Amino acid sequence: MANRPVNAGSGAAAAPPPVPHDAAPAAPAGYDAATAAPAGHRAARTARTTRTTRAARDPRPSKLAWLPYLIVLAGAATGMLIAWQGSKYVGRGAGLIGASLLVGALARLILPERYAGLLASRRKASDVLGFAAFGAAVLAVAIALP
């Protein structure tokens, strides 16, 4: 009793009788099983070939993909350096930071995924909305500063 599976029953039970929907459907007239594709597979493609773009063949990002990111990063770093000069320059520095974030939003909106580089971290709508919201907020602070 200990070596027997739990759902084995008494051991004398036979297989259940077949149900009508278990049977394979009948082949239609004129059907040739030798030329048919295996079950679950699509029909074989014809000789027509599809063209693929270079971006589809090569999933690696372009070397130019760093350029928009570096432009935004340089603008933000320059804004920080200007703001670091003293309280008289904080508004200008914050304005440059906000403007560089808005440029990042515009670059992410215009550029395709391959050329967006590190500006593309989520979906395009999320990236653009995030850059634009932060850029506008920093720009609003820069305008409010004396």
# chains A, B, ... in the order shown; residues from 1 in each chain; ligands from 1
>>> residues_around(residues="region 100-116 of chain A", least_positions_apart="6", cutoff="10 Å", atoms="only C-alpha atoms", output="ChimeraX atom specification")
/A:55-56,58-79,94,123-125,127-136,138-139
>>> atom_distance(atom1="CA of Ile97 (chain A)", atom2="CA of Ile143 (chain A)")
12.1 Å
>>> atom_distance(atom1="CA of Arg92 (chain A)", atom2="CA of Leu119 (chain A)")
24.0 Å
>>> select_by_dssp(residues="region 59-112 of chain A", states="helix (DSSP H, G or I)", output="number ranges by chain")
A: 63-84, 90-110
>>> write_last_selection(atoms="N, CA and C atoms", output="compact mmCIF listing (two decimals), in the first residue's frame")
# COMPACT_ATOMS: atom_id res chain seq x y z
N LYS A 63 26.91 53.97 -32.48
CA LYS A 63 27.92 54.71 -31.73
C LYS A 63 27.48 56.16 -31.54
N LEU A 64 26.62 56.66 -32.42
CA LEU A 64 26.11 58.02 -32.28
C LEU A 64 25.04 58.14 -31.20
N ALA A 65 24.63 57.01 -30.62
CA ALA A 65 23.58 57.04 -29.61
C ALA A 65 24.04 57.74 -28.34
N TRP A 66 25.34 57.85 -28.13
CA TRP A 66 25.85 58.54 -26.96
C TRP A 66 25.73 60.05 -27.09
N LEU A 67 25.65 60.56 -28.32
CA LEU A 67 25.69 62.00 -28.55
C LEU A 67 24.53 62.76 -27.88
N PRO A 68 23.26 62.37 -28.04
CA PRO A 68 22.20 63.13 -27.37
C PRO A 68 22.33 63.10 -25.85
N TYR A 69 22.72 61.96 -25.32
CA TYR A 69 22.90 61.84 -23.88
C TYR A 69 24.02 62.75 -23.40
N LEU A 70 25.12 62.77 -24.14
CA LEU A 70 26.24 63.62 -23.73
C LEU A 70 25.90 65.10 -23.84
N ILE A 71 25.08 65.48 -24.82
CA ILE A 71 24.67 66.88 -24.94
C ILE A 71 23.83 67.29 -23.74
N VAL A 72 22.88 66.45 -23.35
CA VAL A 72 22.04 66.76 -22.19
C VAL A 72 22.88 66.77 -20.92
N LEU A 73 23.78 65.82 -20.79
CA LEU A 73 24.64 65.75 -19.61
C LEU A 73 25.56 66.96 -19.53
N ALA A 74 26.12 67.38 -20.66
CA ALA A 74 26.99 68.56 -20.67
C ALA A 74 26.21 69.82 -20.30
N GLY A 75 24.97 69.94 -20.79
CA GLY A 75 24.16 71.10 -20.44
C GLY A 75 23.84 71.14 -18.95
N ALA A 76 23.51 69.99 -18.39
CA ALA A 76 23.20 69.94 -16.96
C ALA A 76 24.44 70.21 -16.11
N ALA A 77 25.57 69.65 -16.52
CA ALA A 77 26.81 69.88 -15.77
C ALA A 77 27.24 71.35 -15.86
N THR A 78 27.09 71.95 -17.02
CA THR A 78 27.42 73.36 -17.16
C THR A 78 26.49 74.23 -16.31
N GLY A 79 25.23 73.88 -16.27
CA GLY A 79 24.29 74.60 -15.42
C GLY A 79 24.65 74.49 -13.94
N MET A 80 25.09 73.31 -13.55
CA MET A 80 25.53 73.14 -12.16
C MET A 80 26.77 73.98 -11.86
N LEU A 81 27.70 74.04 -12.79
CA LEU A 81 28.90 74.84 -12.59
C LEU A 81 28.58 76.34 -12.52
N ILE A 82 27.64 76.78 -13.35
CA ILE A 82 27.23 78.18 -13.31
C ILE A 82 26.54 78.50 -11.99
N ALA A 83 25.67 77.60 -11.54
CA ALA A 83 24.97 77.83 -10.28
C ALA A 83 25.93 77.78 -9.10
N TRP A 84 27.01 77.07 -9.24
CA TRP A 84 28.01 76.92 -8.17
C TRP A 84 28.78 78.23 -7.96
N VAL A 90 22.61 81.50 -9.68
CA VAL A 90 21.81 80.28 -9.49
C VAL A 90 20.66 80.20 -10.48
N GLY A 91 20.01 81.31 -10.74
CA GLY A 91 18.88 81.32 -11.67
C GLY A 91 19.31 80.94 -13.08
N ARG A 92 20.45 81.47 -13.51
CA ARG A 92 20.95 81.13 -14.85
C ARG A 92 21.34 79.66 -14.94
N GLY A 93 21.98 79.17 -13.91
CA GLY A 93 22.37 77.75 -13.90
C GLY A 93 21.17 76.83 -13.91
N ALA A 94 20.17 77.15 -13.09
CA ALA A 94 18.95 76.34 -13.06
C ALA A 94 18.22 76.41 -14.39
N GLY A 95 18.24 77.59 -14.99
CA GLY A 95 17.61 77.73 -16.31
C GLY A 95 18.29 76.85 -17.35
N LEU A 96 19.62 76.79 -17.30
CA LEU A 96 20.35 75.93 -18.24
C LEU A 96 20.07 74.45 -17.97
N ILE A 97 19.95 74.07 -16.73
CA ILE A 97 19.62 72.68 -16.39
C ILE A 97 18.22 72.33 -16.91
N GLY A 98 17.25 73.20 -16.66
CA GLY A 98 15.89 72.96 -17.14
C GLY A 98 15.82 72.90 -18.65
N ALA A 99 16.56 73.80 -19.31
CA ALA A 99 16.57 73.80 -20.77
C ALA A 99 17.21 72.53 -21.32
N SER A 100 18.27 72.05 -20.68
CA SER A 100 18.90 70.82 -21.16
C SER A 100 17.99 69.60 -20.97
N LEU A 101 17.19 69.61 -19.90
CA LEU A 101 16.23 68.51 -19.73
C LEU A 101 15.13 68.58 -20.78
N LEU A 102 14.71 69.78 -21.15
CA LEU A 102 13.71 69.91 -22.21
C LEU A 102 14.29 69.50 -23.56
N VAL A 103 15.56 69.77 -23.78
CA VAL A 103 16.23 69.31 -25.01
C VAL A 103 16.29 67.78 -25.01
N GLY A 104 16.52 67.19 -23.84
CA GLY A 104 16.50 65.72 -23.74
C GLY A 104 15.14 65.15 -24.07
N ALA A 105 14.08 65.83 -23.63
CA ALA A 105 12.72 65.37 -23.95
C ALA A 105 12.46 65.46 -25.45
N LEU A 106 12.91 66.55 -26.05
CA LEU A 106 12.72 66.72 -27.49
C LEU A 106 13.53 65.68 -28.27
N ALA A 107 14.76 65.42 -27.82
CA ALA A 107 15.59 64.42 -28.50
C ALA A 107 14.97 63.03 -28.39
N ARG A 108 14.43 62.70 -27.23
CA ARG A 108 13.81 61.39 -27.06
C ARG A 108 12.54 61.27 -27.89
N LEU A 109 11.83 62.39 -28.08
CA LEU A 109 10.62 62.37 -28.87
C LEU A 109 10.93 62.19 -30.35
N ILE A 110 11.96 62.85 -30.84
CA ILE A 110 12.26 62.85 -32.27
C ILE A 110 13.07 61.63 -32.71
